[in-house]
>>> print(open('work_24.pdb').read())   # PDB, C-alpha atoms
ATOM      1  CA  MET A  24      14.824  -9.909 -34.798
ATOM      2  CA  GLU A  25      13.523 -12.300 -32.101
ATOM      3  CA  LEU A  26      15.794 -10.613 -29.563
ATOM      4  CA  LEU A  27      14.471  -7.151 -30.480
ATOM      5  CA  TRP A  28      10.878  -8.365 -30.179
ATOM      6  CA  GLY A  29      11.753  -9.852 -26.794
ATOM      7  CA  PHE A  30      13.091  -6.513 -25.535
ATOM      8  CA  PHE A  31      10.075  -4.673 -26.947
ATOM      9  CA  LEU A  32       7.644  -7.022 -25.196
ATOM     10  CA  VAL A  33       9.433  -6.837 -21.843
ATOM     11  CA  LEU A  34       9.445  -3.028 -22.032
ATOM     12  CA  ILE A  35       5.672  -2.997 -22.554
ATOM     13  CA  ALA A  36       5.231  -5.580 -19.783
ATOM     14  CA  GLY A  37       7.256  -3.487 -17.326
ATOM     15  CA  PHE A  38       5.331  -0.351 -18.255
ATOM     16  CA  PHE A  39       1.997  -2.124 -17.749
ATOM     17  CA  GLN A  40       3.080  -3.578 -14.395
ATOM     18  CA  GLY A  41       4.240  -0.162 -13.180
ATOM     19  CA  THR A  42       1.061   1.562 -14.393
ATOM     20  CA  PHE A  43      -1.794  -0.798 -13.555
ATOM     21  CA  VAL A  44      -2.510   0.781 -10.139
ATOM     22  CA  LEU A  45      -2.741   4.301 -11.613
ATOM     23  CA  PRO A  46      -6.384   3.967 -12.828
ATOM     24  CA  MET A  47      -7.344   3.168  -9.246
ATOM     25  CA  THR A  48      -6.487   6.755  -8.305
ATOM     26  CA  LEU A  49      -8.838   8.071 -10.999
ATOM     27  CA  THR A  50     -12.089   6.489  -9.805
ATOM     28  CA  LYS A  51     -14.741   8.760  -8.285
ATOM     29  CA  LYS A  52     -17.178   8.154  -5.423
ATOM     30  CA  TRP A  53     -15.865   4.629  -4.900
ATOM     31  CA  GLU A  54     -13.969   3.276  -1.914
ATOM     32  CA  TRP A  55     -10.912   1.035  -2.213
ATOM     33  CA  GLU A  56     -12.983  -2.143  -1.955
ATOM     34  CA  HIS A  57     -15.198  -1.280  -4.937
ATOM     35  CA  THR A  58     -12.294  -0.670  -7.298
ATOM     36  CA  TRP A  59     -10.260  -3.633  -6.074
ATOM     37  CA  ALA A  60     -13.248  -5.977  -6.376
ATOM     38  CA  THR A  61     -13.788  -4.821  -9.978
ATOM     39  CA  PHE A  62     -10.102  -5.256 -10.791
ATOM     40  CA  SER A  63     -10.062  -8.727  -9.213
ATOM     41  CA  LEU A  64     -13.167  -9.851 -11.114
ATOM     42  CA  PHE A  65     -11.856  -8.737 -14.487
ATOM     43  CA  GLY A  66      -8.135  -9.493 -14.092
ATOM     44  CA  MET A  67      -7.935 -12.578 -11.909
ATOM     45  CA  LEU A  68     -11.024 -14.345 -13.227
ATOM     46  CA  ILE A  69     -12.553 -13.142 -16.516
ATOM     47  CA  PHE A  70      -9.490 -12.038 -18.521
ATOM     48  CA  ASN A  71      -7.378 -14.750 -16.925
ATOM     49  CA  TRP A  72      -9.672 -17.525 -18.165
ATOM     50  CA  ILE A  73     -10.284 -15.940 -21.565
ATOM     51  CA  LEU A  74      -6.539 -15.901 -22.233
ATOM     52  CA  THR A  75      -6.094 -19.386 -20.772
ATOM     53  CA  LEU A  76      -8.790 -20.916 -23.001
ATOM     54  CA  ILE A  77      -7.389 -19.129 -26.051
ATOM     55  CA  PHE A  78      -3.829 -20.367 -25.541
ATOM     56  CA  ILE A  79      -4.575 -23.680 -23.758
ATOM     57  CA  PRO A  80      -7.969 -24.920 -25.019
ATOM     58  CA  ASN A  81      -7.313 -28.367 -23.488
ATOM     59  CA  ILE A  82      -6.574 -26.898 -20.039
ATOM     60  CA  PHE A  83      -8.911 -29.284 -18.202
ATOM     61  CA  SER A  84      -7.222 -32.285 -19.814
ATOM     62  CA  VAL A  85      -3.936 -30.930 -18.465
ATOM     63  CA  TYR A  86      -5.388 -30.685 -14.955
ATOM     64  CA  SER A  87      -6.846 -34.200 -15.037
ATOM     65  CA  SER A  88      -3.470 -35.622 -16.109
ATOM     66  CA  VAL A  89      -1.445 -34.488 -13.095
ATOM     67  CA  PRO A  90      -1.548 -35.739  -9.474
ATOM     68  CA  SER A  91      -4.143 -33.923  -7.369
ATOM     69  CA  LYS A  92      -1.441 -32.867  -4.905
ATOM     70  CA  ASP A  93       0.067 -30.617  -7.582
ATOM     71  CA  ILE A  94      -3.241 -28.772  -7.896
ATOM     72  CA  VAL A  95      -3.646 -28.586  -4.108
ATOM     73  CA  ILE A  96      -0.183 -27.016  -3.746
ATOM     74  CA  LEU A  97      -1.071 -24.372  -6.350
ATOM     75  CA  ILE A  98      -4.348 -23.675  -4.555
ATOM     76  CA  LEU A  99      -2.501 -23.094  -1.282
ATOM     77  CA  PHE A 100       0.058 -20.782  -2.876
ATOM     78  CA  GLY A 101      -2.733 -19.039  -4.777
ATOM     79  CA  ALA A 102      -4.533 -18.359  -1.493
ATOM     80  CA  GLY A 103      -1.337 -16.975   0.031
ATOM     81  CA  TRP A 104      -0.770 -14.793  -3.021
ATOM     82  CA  GLY A 105      -4.408 -13.663  -2.842
ATOM     83  CA  ILE A 106      -3.774 -12.274   0.643
ATOM     84  CA  GLY A 107      -0.591 -10.666  -0.697
ATOM     85  CA  ALA A 108      -2.559  -9.042  -3.526
ATOM     86  CA  ILE A 109      -4.987  -7.528  -1.009
ATOM     87  CA  LEU A 110      -2.054  -6.162   0.982
ATOM     88  CA  PHE A 111      -0.495  -4.897  -2.274
ATOM     89  CA  GLY A 112      -3.589  -2.828  -2.996
ATOM     90  CA  LEU A 113      -3.848  -1.572   0.586
ATOM     91  CA  GLY A 114      -0.128  -0.774   0.685
ATOM     92  CA  MET A 115      -0.339   1.279  -2.497
ATOM     93  CA  ASP A 116      -3.373   3.083  -1.111
ATOM     94  CA  LYS A 117      -1.566   4.000   2.120
ATOM     95  CA  LEU A 118       1.970   4.676   0.836
ATOM     96  CA  GLY A 119       1.264   5.899  -2.689
ATOM     97  CA  LEU A 120       2.790   4.764  -5.978
ATOM     98  CA  SER A 121       6.211   6.375  -5.547
ATOM     99  CA  LEU A 122       6.933   4.680  -2.215
ATOM    100  CA  GLY A 123       4.812   1.529  -2.432
ATOM    101  CA  TYR A 124       6.187   0.236  -5.743
ATOM    102  CA  PRO A 125       9.904   0.227  -4.826
ATOM    103  CA  ILE A 126       9.321  -1.541  -1.508
ATOM    104  CA  ILE A 127       6.886  -4.205  -2.722
ATOM    105  CA  MET A 128       8.506  -4.940  -6.093
ATOM    106  CA  GLY A 129      11.979  -5.043  -4.520
ATOM    107  CA  LEU A 130      10.827  -7.745  -2.107
ATOM    108  CA  ILE A 131       9.053  -9.645  -4.874
ATOM    109  CA  ALA A 132      12.243  -9.664  -6.960
ATOM    110  CA  SER A 133      14.491 -10.889  -4.144
ATOM    111  CA  LEU A 134      12.247 -13.384  -2.342
ATOM    112  CA  GLY A 135      10.779 -14.733  -5.586
ATOM    113  CA  ALA A 136      14.283 -15.892  -6.497
ATOM    114  CA  LEU A 137      15.534 -16.802  -3.019
ATOM    115  CA  ILE A 138      12.627 -18.912  -1.686
ATOM    116  CA  PRO A 139      12.656 -21.527  -4.513
ATOM    117  CA  LEU A 140      16.434 -21.855  -4.034
ATOM    118  CA  VAL A 141      16.030 -22.440  -0.280
ATOM    119  CA  VAL A 142      13.173 -24.941  -0.800
ATOM    120  CA  PHE A 143      14.527 -26.944  -3.737
ATOM    121  CA  PHE A 144      18.310 -26.473  -3.519
ATOM    122  CA  PRO A 145      19.237 -25.659   0.110
ATOM    123  CA  ASP A 146      22.777 -26.971  -0.451
ATOM    124  CA  SER A 147      23.297 -24.202  -3.013
ATOM    125  CA  LEU A 148      22.649 -21.446  -0.498
ATOM    126  CA  LEU A 149      26.367 -21.054   0.214
ATOM    127  CA  ALA A 150      27.355 -21.578  -3.426
ATOM    128  CA  PRO A 151      28.003 -18.534  -5.683
ATOM    129  CA  LYS A 152      24.345 -18.410  -6.801
ATOM    130  CA  GLY A 153      22.985 -18.574  -3.256
ATOM    131  CA  LEU A 154      25.458 -16.028  -1.908
ATOM    132  CA  THR A 155      24.642 -13.659  -4.781
ATOM    133  CA  LEU A 156      20.904 -13.932  -4.093
ATOM    134  CA  LEU A 157      21.485 -13.421  -0.357
ATOM    135  CA  THR A 158      23.561 -10.336  -1.152
ATOM    136  CA  GLY A 159      20.817  -9.033  -3.419
ATOM    137  CA  THR A 160      18.214  -9.614  -0.699
ATOM    138  CA  ALA A 161      20.353  -7.771   1.873
ATOM    139  CA  ILE A 162      20.675  -4.838  -0.533
ATOM    140  CA  VAL A 163      16.889  -4.866  -1.068
ATOM    141  CA  ILE A 164      16.420  -4.558   2.705
ATOM    142  CA  PHE A 165      18.877  -1.647   2.776
ATOM    143  CA  GLY A 166      16.987   0.033  -0.069
ATOM    144  CA  ILE A 167      13.692  -0.444   1.776
ATOM    145  CA  ILE A 168      15.213   1.163   4.878
ATOM    146  CA  LEU A 169      16.269   4.207   2.823
ATOM    147  CA  CYS A 170      12.800   4.492   1.261
ATOM    148  CA  SER A 171      11.201   4.110   4.688
ATOM    149  CA  ILE A 172      13.330   6.880   6.185
ATOM    150  CA  ALA A 173      12.445   9.051   3.190
ATOM    151  CA  GLY A 174       8.738   8.439   3.749
ATOM    152  CA  SER A 175       9.055   9.116   7.470
ATOM    153  CA  SER A 176      10.965  12.377   6.802
ATOM    154  CA  LYS A 177       8.299  13.453   4.363
ATOM    155  CA  ASN A 178       5.551  12.852   6.912
ATOM    156  CA  LYS A 179       7.241  14.982   9.565
ATOM    157  CA  ASP A 180       6.345  18.137   7.653
ATOM    158  CA  LYS A 181       2.953  18.907   9.193
ATOM    159  CA  SER A 182       2.274  21.777   6.777
ATOM    160  CA  LEU A 183       1.599  19.363   3.953
ATOM    161  CA  LYS A 184      -2.096  18.559   3.819
ATOM    162  CA  SER A 185      -1.456  15.425   1.759
ATOM    163  CA  ASP A 186       0.858  13.865   4.366
ATOM    164  CA  ARG A 187      -0.438  10.949   6.375
ATOM    165  CA  SER A 188       0.168  10.571  10.083
ATOM    166  CA  SER A 189       3.174   8.656  11.390
ATOM    167  CA  THR A 190       0.911   5.865  12.588
ATOM    168  CA  GLU A 191      -0.633   5.459   9.143
ATOM    169  CA  PHE A 192       2.810   5.485   7.550
ATOM    170  CA  VAL A 193       4.125   2.746   9.841
ATOM    171  CA  ALA A 194       0.987   0.686   9.218
ATOM    172  CA  GLY A 195       1.382   1.187   5.466
ATOM    173  CA  LEU A 196       5.038   0.166   5.677
ATOM    174  CA  PHE A 197       4.240  -3.104   7.459
ATOM    175  CA  ILE A 198       1.443  -3.820   4.989
ATOM    176  CA  ALA A 199       3.818  -3.216   2.056
ATOM    177  CA  ILE A 200       6.489  -5.511   3.532
ATOM    178  CA  PHE A 201       4.041  -8.379   4.059
ATOM    179  CA  ALA A 202       2.598  -7.679   0.604
ATOM    180  CA  GLY A 203       6.063  -8.098  -0.912
ATOM    181  CA  ILE A 204       6.637 -11.346   0.980
ATOM    182  CA  LEU A 205       3.332 -12.946  -0.052
ATOM    183  CA  SER A 206       3.284 -11.464  -3.560
ATOM    184  CA  CYS A 207       6.419 -13.384  -4.531
ATOM    185  CA  PHE A 208       4.344 -16.596  -4.444
ATOM    186  CA  PRO A 209       3.654 -16.616  -8.228
ATOM    187  CA  ASN A 210       7.328 -17.346  -8.873
ATOM    188  CA  VAL A 211       7.296 -19.947  -6.092
ATOM    189  CA  GLY A 212       4.090 -21.404  -7.525
ATOM    190  CA  VAL A 213       5.708 -21.777 -10.940
ATOM    191  CA  ALA A 214       8.606 -23.614  -9.288
ATOM    192  CA  PHE A 215       6.149 -26.045  -7.677
ATOM    193  CA  GLY A 216       4.057 -26.230 -10.859
ATOM    194  CA  GLY A 217       6.768 -27.873 -12.951
ATOM    195  CA  ASN A 218       4.749 -31.080 -13.454
ATOM    196  CA  LEU A 219       1.752 -29.080 -14.654
ATOM    197  CA  ILE A 220       3.823 -27.110 -17.158
ATOM    198  CA  ASN A 221       5.548 -30.239 -18.473
ATOM    199  CA  GLU A 222       2.197 -32.004 -18.862
ATOM    200  CA  ALA A 223       0.841 -29.043 -20.829
ATOM    201  CA  LYS A 224       3.831 -29.273 -23.182
ATOM    202  CA  ARG A 225       3.345 -33.030 -23.533
ATOM    203  CA  LEU A 226      -0.268 -32.450 -24.587
ATOM    204  CA  GLY A 227       0.835 -30.100 -27.348
ATOM    205  CA  VAL A 228       0.751 -26.670 -25.698
ATOM    206  CA  SER A 229       3.397 -24.276 -26.984
ATOM    207  CA  PRO A 230       6.266 -23.752 -24.503
ATOM    208  CA  THR A 231       5.531 -20.024 -24.820
ATOM    209  CA  PHE A 232       2.130 -20.459 -23.157
ATOM    210  CA  ALA A 233       2.534 -23.684 -21.130
ATOM    211  CA  GLY A 234       3.207 -21.671 -17.960
ATOM    212  CA  ASN A 235      -0.292 -20.227 -18.190
ATOM    213  CA  ALA A 236      -1.626 -23.576 -16.999
ATOM    214  CA  VAL A 237      -0.317 -22.533 -13.591
ATOM    215  CA  TRP A 238      -1.835 -19.032 -13.697
ATOM    216  CA  ALA A 239      -5.364 -20.262 -14.404
ATOM    217  CA  VAL A 240      -5.621 -22.050 -11.034
ATOM    218  CA  PHE A 241      -3.355 -19.674  -9.174
ATOM    219  CA  PHE A 242      -5.144 -16.442 -10.024
ATOM    220  CA  THR A 243      -8.610 -17.981  -9.725
ATOM    221  CA  VAL A 244      -7.932 -18.848  -6.092
ATOM    222  CA  GLY A 245      -6.463 -15.365  -5.646
ATOM    223  CA  PHE A 246      -9.686 -13.913  -7.042
ATOM    224  CA  ILE A 247     -11.807 -15.800  -4.514
ATOM    225  CA  VAL A 248      -9.716 -14.426  -1.631
ATOM    226  CA  ASN A 249      -9.654 -10.842  -2.956
ATOM    227  CA  PHE A 250     -13.316 -10.684  -3.964
ATOM    228  CA  ALA A 251     -14.459 -12.194  -0.655
ATOM    229  CA  TYR A 252     -12.473  -9.618   1.314
ATOM    230  CA  CYS A 253     -13.813  -6.727  -0.780
ATOM    231  CA  LEU A 254     -17.368  -8.031  -0.396
ATOM    232  CA  TYR A 255     -16.822  -8.224   3.364
ATOM    233  CA  LEU A 256     -15.699  -4.573   3.446
ATOM    234  CA  ILE A 257     -18.660  -3.498   1.310
ATOM    235  CA  LEU A 258     -21.093  -5.242   3.663
ATOM    236  CA  ILE A 259     -19.625  -3.894   6.909
ATOM    237  CA  HIS A 260     -19.318  -0.375   5.471
ATOM    238  CA  LYS A 261     -22.831  -0.660   4.013
ATOM    239  CA  ASN A 262     -21.791   1.091   0.815
ATOM    240  CA  ILE A 263     -22.952  -1.341  -1.851
ATOM    241  CA  HIS A 264     -25.039   1.494  -3.323
ATOM    242  CA  TYR A 265     -21.794   3.146  -4.457
ATOM    243  CA  LEU A 266     -21.654   0.495  -7.175
ATOM    244  CA  PHE A 267     -24.722   2.080  -8.766
ATOM    245  CA  SER A 268     -23.647   5.717  -8.584
ATOM    246  CA  LYS A 269     -23.506   7.953 -11.659
ATOM    247  CA  SER A 270     -19.758   7.441 -11.923
ATOM    248  CA  ALA A 271     -20.021   3.630 -11.702
ATOM    249  CA  LYS A 272     -19.778   3.137 -15.467
ATOM    250  CA  SER A 273     -16.526   5.060 -15.809
ATOM    251  CA  ASN A 274     -15.199   3.414 -12.635
ATOM    252  CA  LEU A 275     -15.875  -0.013 -14.136
ATOM    253  CA  GLY A 276     -13.819   1.096 -17.121
ATOM    254  CA  TRP A 277     -10.902   2.080 -14.885
ATOM    255  CA  GLY A 278     -11.119  -1.256 -13.080
ATOM    256  CA  ALA A 279     -11.119  -3.139 -16.386
ATOM    257  CA  LEU A 280      -8.110  -1.104 -17.564
ATOM    258  CA  MET A 281      -6.262  -2.041 -14.377
ATOM    259  CA  ALA A 282      -7.042  -5.695 -15.065
ATOM    260  CA  ILE A 283      -5.924  -5.578 -18.713
ATOM    261  CA  MET A 284      -2.567  -4.018 -17.843
ATOM    262  CA  TRP A 285      -2.016  -6.343 -14.882
ATOM    263  CA  ILE A 286      -2.784  -9.673 -16.560
ATOM    264  CA  GLY A 287      -1.241  -8.408 -19.805
ATOM    265  CA  SER A 288       2.077  -7.752 -18.076
ATOM    266  CA  PHE A 289       2.323 -11.426 -17.034
ATOM    267  CA  TYR A 290       1.529 -12.759 -20.498
ATOM    268  CA  LEU A 291       3.801 -10.266 -22.258
ATOM    269  CA  TYR A 292       6.685 -11.027 -19.939
ATOM    270  CA  GLY A 293       6.170 -14.766 -20.454
ATOM    271  CA  MET A 294       6.338 -14.312 -24.240
ATOM    272  CA  SER A 295       9.340 -11.997 -23.991
ATOM    273  CA  ALA A 296      11.245 -14.506 -21.835
ATOM    274  CA  VAL A 297      10.866 -17.155 -24.566
ATOM    275  CA  LYS A 298      12.038 -14.777 -27.299
ATOM    276  CA  LEU A 299      14.995 -13.569 -25.213
ATOM    277  CA  GLY A 300      16.123 -17.143 -24.575
ATOM    278  CA  LYS A 301      19.118 -17.254 -22.228
ATOM    279  CA  TRP A 302      18.877 -13.478 -21.868
ATOM    280  CA  GLY A 303      15.408 -13.786 -20.315
ATOM    281  CA  VAL A 304      16.708 -14.302 -16.779
ATOM    282  CA  MET A 305      19.884 -12.260 -17.154
ATOM    283  CA  ILE A 306      18.324  -9.153 -18.726
ATOM    284  CA  GLY A 307      14.576  -9.651 -19.195
ATOM    285  CA  TRP A 308      13.643 -10.199 -15.547
ATOM    286  CA  PRO A 309      15.638  -7.276 -14.040
ATOM    287  CA  LEU A 310      14.432  -5.027 -16.860
ATOM    288  CA  PHE A 311      10.810  -6.025 -16.169
ATOM    289  CA  ILE A 312      11.031  -5.418 -12.402
ATOM    290  CA  SER A 313      13.252  -2.325 -12.665
ATOM    291  CA  LEU A 314      11.012  -0.669 -15.229
ATOM    292  CA  SER A 315       7.895  -1.365 -13.163
ATOM    293  CA  ILE A 316       9.576   0.238 -10.128
ATOM    294  CA  VAL A 317      10.703   3.300 -12.081
ATOM    295  CA  VAL A 318       7.366   3.738 -13.870
ATOM    296  CA  GLY A 319       5.384   3.352 -10.636
ATOM    297  CA  ASN A 320       7.653   5.892  -8.961
ATOM    298  CA  LEU A 321       7.286   8.382 -11.807
ATOM    299  CA  TRP A 322       3.506   8.076 -11.779
ATOM    300  CA  GLY A 323       3.565   8.787  -8.046
ATOM    301  CA  VAL A 324       5.657  11.914  -8.579
ATOM    302  CA  TRP A 325       3.332  12.962 -11.424
ATOM    303  CA  LYS A 326       0.367  12.568  -9.075
ATOM    304  CA  GLY A 327       2.037  15.020  -6.686
ATOM    305  CA  GLU A 328       2.660  12.520  -3.883
ATOM    306  CA  TRP A 329       5.964  14.235  -3.026
ATOM    307  CA  LYS A 330       4.994  17.793  -3.898
ATOM    308  CA  GLY A 331       6.438  20.164  -1.309
ATOM    309  CA  ALA A 332       8.336  17.387   0.506
ATOM    310  CA  PRO A 333      11.735  18.336   2.038
ATOM    311  CA  GLN A 334      14.667  18.019  -0.342
ATOM    312  CA  HIS A 335      16.477  15.516   1.886
ATOM    313  CA  ALA A 336      13.402  13.247   1.849
ATOM    314  CA  ARG A 337      13.303  13.283  -1.956
ATOM    315  CA  SER A 338      17.032  12.631  -2.095
ATOM    316  CA  LEU A 339      16.697   9.639   0.241
ATOM    317  CA  LEU A 340      13.864   8.254  -1.896
ATOM    318  CA  ASN A 341      16.018   8.552  -5.034
ATOM    319  CA  TRP A 342      18.930   6.805  -3.308
ATOM    320  CA  GLY A 343      16.613   4.065  -2.051
ATOM    321  CA  LEU A 344      15.226   3.618  -5.549
ATOM    322  CA  LEU A 345      18.752   3.378  -7.005
ATOM    323  CA  VAL A 346      19.785   0.822  -4.381
ATOM    324  CA  LEU A 347      16.715  -1.324  -5.134
ATOM    325  CA  LEU A 348      17.407  -1.219  -8.877
ATOM    326  CA  CYS A 349      21.001  -2.343  -8.239
ATOM    327  CA  ALA A 350      19.673  -5.158  -6.041
ATOM    328  CA  VAL A 351      17.357  -6.356  -8.828
ATOM    329  CA  ILE A 352      20.305  -6.521 -11.236
ATOM    330  CA  ILE A 353      22.387  -8.498  -8.700
ATOM    331  CA  ILE A 354      19.481 -10.904  -8.139
ATOM    332  CA  ALA A 355      19.175 -11.424 -11.893
ATOM    333  CA  LEU A 356      22.891 -12.205 -12.095
ATOM    334  CA  GLY A 357      22.417 -14.730  -9.292
ATOM    335  CA  ASN A 358      19.588 -16.387 -11.227
ATOM    336  CA  SER A 359      21.830 -16.691 -14.275
ATOM    337  CA  LEU A 360      24.593 -18.546 -12.396
TER
END
>>> encode(input="work_24.pdb", output="structure tokens")
Amino acid sequence: MELLWGFFLVLIAGFFQGTFVLPMTLTKKWEWEHTWATFSLFGMLIFNWILTLIFIPNIFSVYSSVPSKDIVILILFGAGWGIGAILFGLGMDKLGLSLGYPIIMGLIASLGALIPLVVFFPDSLLAPKGLTLLTGTAIVIFGIILCSIAGSSKNKDKSLKSDRSSTEFVAGLFIAIFAGILSCFPNVGVAFGGNLINEAKRLGVSPTFAGNAVWAVFFTVGFIVNFAYCLYLILIHKNIHYLFSKSAKSNLGWGALMAIMWIGSFYLYGMSAVKLGKWGVMIGWPLFISLSIVVGNLWGVWKGEWKGAPQHARSLLNWGLLVLLCAVIIIALGNSL
């Protein structure tokens, strides 16, 4: 029964992760910065701390019990991830759901596993685990190349009003790649936050929720970076009055929904990993990432992002998606070694 619950939770988590950007496309009379600021405020700060205080009421005792350097390291990684989150949002805005999700999530899956191995166990890089992760990363890069060619082929059809220019596509591609690199920092942060997690367990926090001690600091720093950048855009664009438009109330609702699905996916996956036990890394993680990629891609197709695109471009996108899913499975196998 525990195993079934674990699979159920990871399925919901993957669906939420693949869907959380969708409400952003439904806001009206708001620019990117307004929606992303709302999402950051709710998800990275408000909901993050509500859940943290519910599951770890003694969170500040945990923080005071660990060396300050552990907190400083999390702050630095949180700032790096915050920049990655900004690029994630911008990349989705420029490339769309169907192309942005495979590229960014594929990089998150591969680098999130590879970087901790390189940092903590460099001698294992040429061992079976390291070679498997390197192979998975190489396949991710190949999948990204296929998706990129598909996006470029799509944009060559000038008759499509929805197509972006080649320059915008290339810019979006670079943004997505850097977003994937920096957005893998949560997994790296958890690797560096081992002392914090162990201290939380020692102070009586359930192992199911002990990892949330890391997220509280991590996402709070990410919020500061994201909110500051959005505020900067609002000021230079002089569009703060958009926040008080007639559609502001419904837009706030969409931003809150984004936040609930985003932060919920992390908590649900954390709970599912505990219930799945040894299957968490072997099956839970690839299922979580793969489902988020597939769901994000399907939402993009549903939104008409590839409507009227040449058949060969669609075919290349499907092949790229399949290659990335295979890479995620290989990476999960490497993690299980």
>>> resolve_selection(input="work_24.pdb", expression="the PyMOL selection byres ((chain A and resi 251) around 12)", output="PDB file with C-alpha atoms, in the coordinates of the input")
ATOM      1  CA  GLU A  56     -12.983  -2.143  -1.955  1.00  0.00           C
ATOM      2  CA  HIS A  57     -15.198  -1.280  -4.937  1.00  0.00           C
ATOM      3  CA  TRP A  59     -10.260  -3.633  -6.074  1.00  0.00           C
ATOM      4  CA  ALA A  60     -13.248  -5.977  -6.376  1.00  0.00           C
ATOM      5  CA  THR A  61     -13.788  -4.821  -9.978  1.00  0.00           C
ATOM      6  CA  SER A  63     -10.062  -8.727  -9.213  1.00  0.00           C
ATOM      7  CA  LEU A  64     -13.167  -9.851 -11.114  1.00  0.00           C
ATOM      8  CA  ALA A 102      -4.533 -18.359  -1.493  1.00  0.00           C
ATOM      9  CA  GLY A 105      -4.408 -13.663  -2.842  1.00  0.00           C
ATOM     10  CA  ILE A 106      -3.774 -12.274   0.643  1.00  0.00           C
ATOM     11  CA  ILE A 109      -4.987  -7.528  -1.009  1.00  0.00           C
ATOM     12  CA  VAL A 244      -7.932 -18.848  -6.092  1.00  0.00           C
ATOM     13  CA  GLY A 245      -6.463 -15.365  -5.646  1.00  0.00           C
ATOM     14  CA  PHE A 246      -9.686 -13.913  -7.042  1.00  0.00           C
ATOM     15  CA  ILE A 247     -11.807 -15.800  -4.514  1.00  0.00           C
ATOM     16  CA  VAL A 248      -9.716 -14.426  -1.631  1.00  0.00           C
ATOM     17  CA  ASN A 249      -9.654 -10.842  -2.956  1.00  0.00           C
ATOM     18  CA  PHE A 250     -13.316 -10.684  -3.964  1.00  0.00           C
ATOM     19  CA  TYR A 252     -12.473  -9.618   1.314  1.00  0.00           C
ATOM     20  CA  CYS A 253     -13.813  -6.727  -0.780  1.00  0.00           C
ATOM     21  CA  LEU A 254     -17.368  -8.031  -0.396  1.00  0.00           C
ATOM     22  CA  TYR A 255     -16.822  -8.224   3.364  1.00  0.00           C
ATOM     23  CA  LEU A 256     -15.699  -4.573   3.446  1.00  0.00           C
ATOM     24  CA  ILE A 257     -18.660  -3.498   1.310  1.00  0.00           C
ATOM     25  CA  LEU A 258     -21.093  -5.242   3.663  1.00  0.00           C
TER      26      LEU A 258
END
>>> closest_residue(input="work_24.pdb", among="A:Val318, A:Leu156, A:Leu76, A:Leu266", to="Gly135 (chain A)", atoms="only C-alpha atoms")
A:Leu156
>>> closest_residue(input="work_24.pdb", among="A:Ile69, A:Val85, A:Ile354, A:Ile138", to="Lys224 (chain A)", atoms="all atoms listed in the file")
A:Val85
>>> atom_distance(input="work_24.pdb", atom1="CA of Gly319 (chain A)", atom2="CA of Leu275 (chain A)")
21.8 Å
>>> resolve_selection(input="work_24.pdb", expression="the PyMOL selection byres ((chain A and resi 171-176) around 10)", output="ChimeraX atom specification")
/A:118,121-123,126,165-170,177-180,186-189,192-193,196,329,332-343
>>> residues_around(input="work_24.pdb", residues="Pro46 (chain A)", least_positions_apart="2", cutoff="9 Å", atoms="all atoms listed in the file", output="ChimeraX atom specification")
/A:42-44,48-50,274,277-278,280-281
>>> write_last_selection(input="work_24.pdb", atoms="C-alpha atoms", output="PDB file, in the coordinates of the input")
ATOM      1  CA  THR A  42       1.061   1.562 -14.393  1.00  0.00           C
ATOM      2  CA  PHE A  43      -1.794  -0.798 -13.555  1.00  0.00           C
ATOM      3  CA  VAL A  44      -2.510   0.781 -10.139  1.00  0.00           C
ATOM      4  CA  THR A  48      -6.487   6.755  -8.305  1.00  0.00           C
ATOM      5  CA  LEU A  49      -8.838   8.071 -10.999  1.00  0.00           C
ATOM      6  CA  THR A  50     -12.089   6.489  -9.805  1.00  0.00           C
ATOM      7  CA  ASN A 274     -15.199   3.414 -12.635  1.00  0.00           C
ATOM      8  CA  TRP A 277     -10.902   2.080 -14.885  1.00  0.00           C
ATOM      9  CA  GLY A 278     -11.119  -1.256 -13.080  1.00  0.00           C
ATOM     10  CA  LEU A 280      -8.110  -1.104 -17.564  1.00  0.00           C
ATOM     11  CA  MET A 281      -6.262  -2.041 -14.377  1.00  0.00           C
TER      12      MET A 281
END
>>> closest_residue(input="work_24.pdb", among="A:Gly112, A:Gly216, A:Gly119, A:Gly357", to="Glu191 (chain A)", atoms="all atoms listed in the file")
A:Gly119
>>> atom_distance(input="work_24.pdb", atom1="CA of Ser206 (chain A)", atom2="CA of Met128 (chain A)")
8.7 Å
>>> atom_distance(input="work_24.pdb", atom1="CA of Ala239 (chain A)", atom2="CA of Leu99 (chain A)")
13.7 Å
>>> closest_residue(input="work_24.pdb", among="A:Val33, A:Thr158, A:Leu27, A:Phe62", to="Ile283 (chain A)", atoms="only C-alpha atoms")
A:Phe62
>>> axis_aligned_box(input="work_24.pdb", around="region 282-296 of chain A", padding_each_side="6 Å", output="lines of an AutoDock Vina configuration file")
center_x = 2.1
center_y = -9.4
center_z = -19.6
size_x = 30.3
size_y = 22.7
size_z = 21.4
>>> closest_residue(input="work_24.pdb", among="A:Pro309, A:Val240, A:Val324, A:Trp285", to="Ile98 (chain A)", atoms="only C-alpha atoms")
A:Val240
>>> resolve_selection(input="work_24.pdb", expression="the PyMOL selection byres ((chain A and resi 72-74) around 10)", output="MDAnalysis selection string")
chainID A and resid 65:71 75:80 232 235 238:240 242:243 286:287 290
>>> residues_near_point(input="work_24.pdb", point="(4.9, 3.2, -17.0)", cutoff="10 Å", atoms="only C-alpha atoms", output="list of chain:residue names")
A:Leu34, A:Ile35, A:Ala36, A:Gly37, A:Phe38, A:Phe39, A:Gln40, A:Gly41, A:Thr42, A:Phe43, A:Leu45, A:Leu314, A:Ser315, A:Ile316, A:Val317, A:Val318, A:Gly319, A:Asn320, A:Leu321, A:Trp322
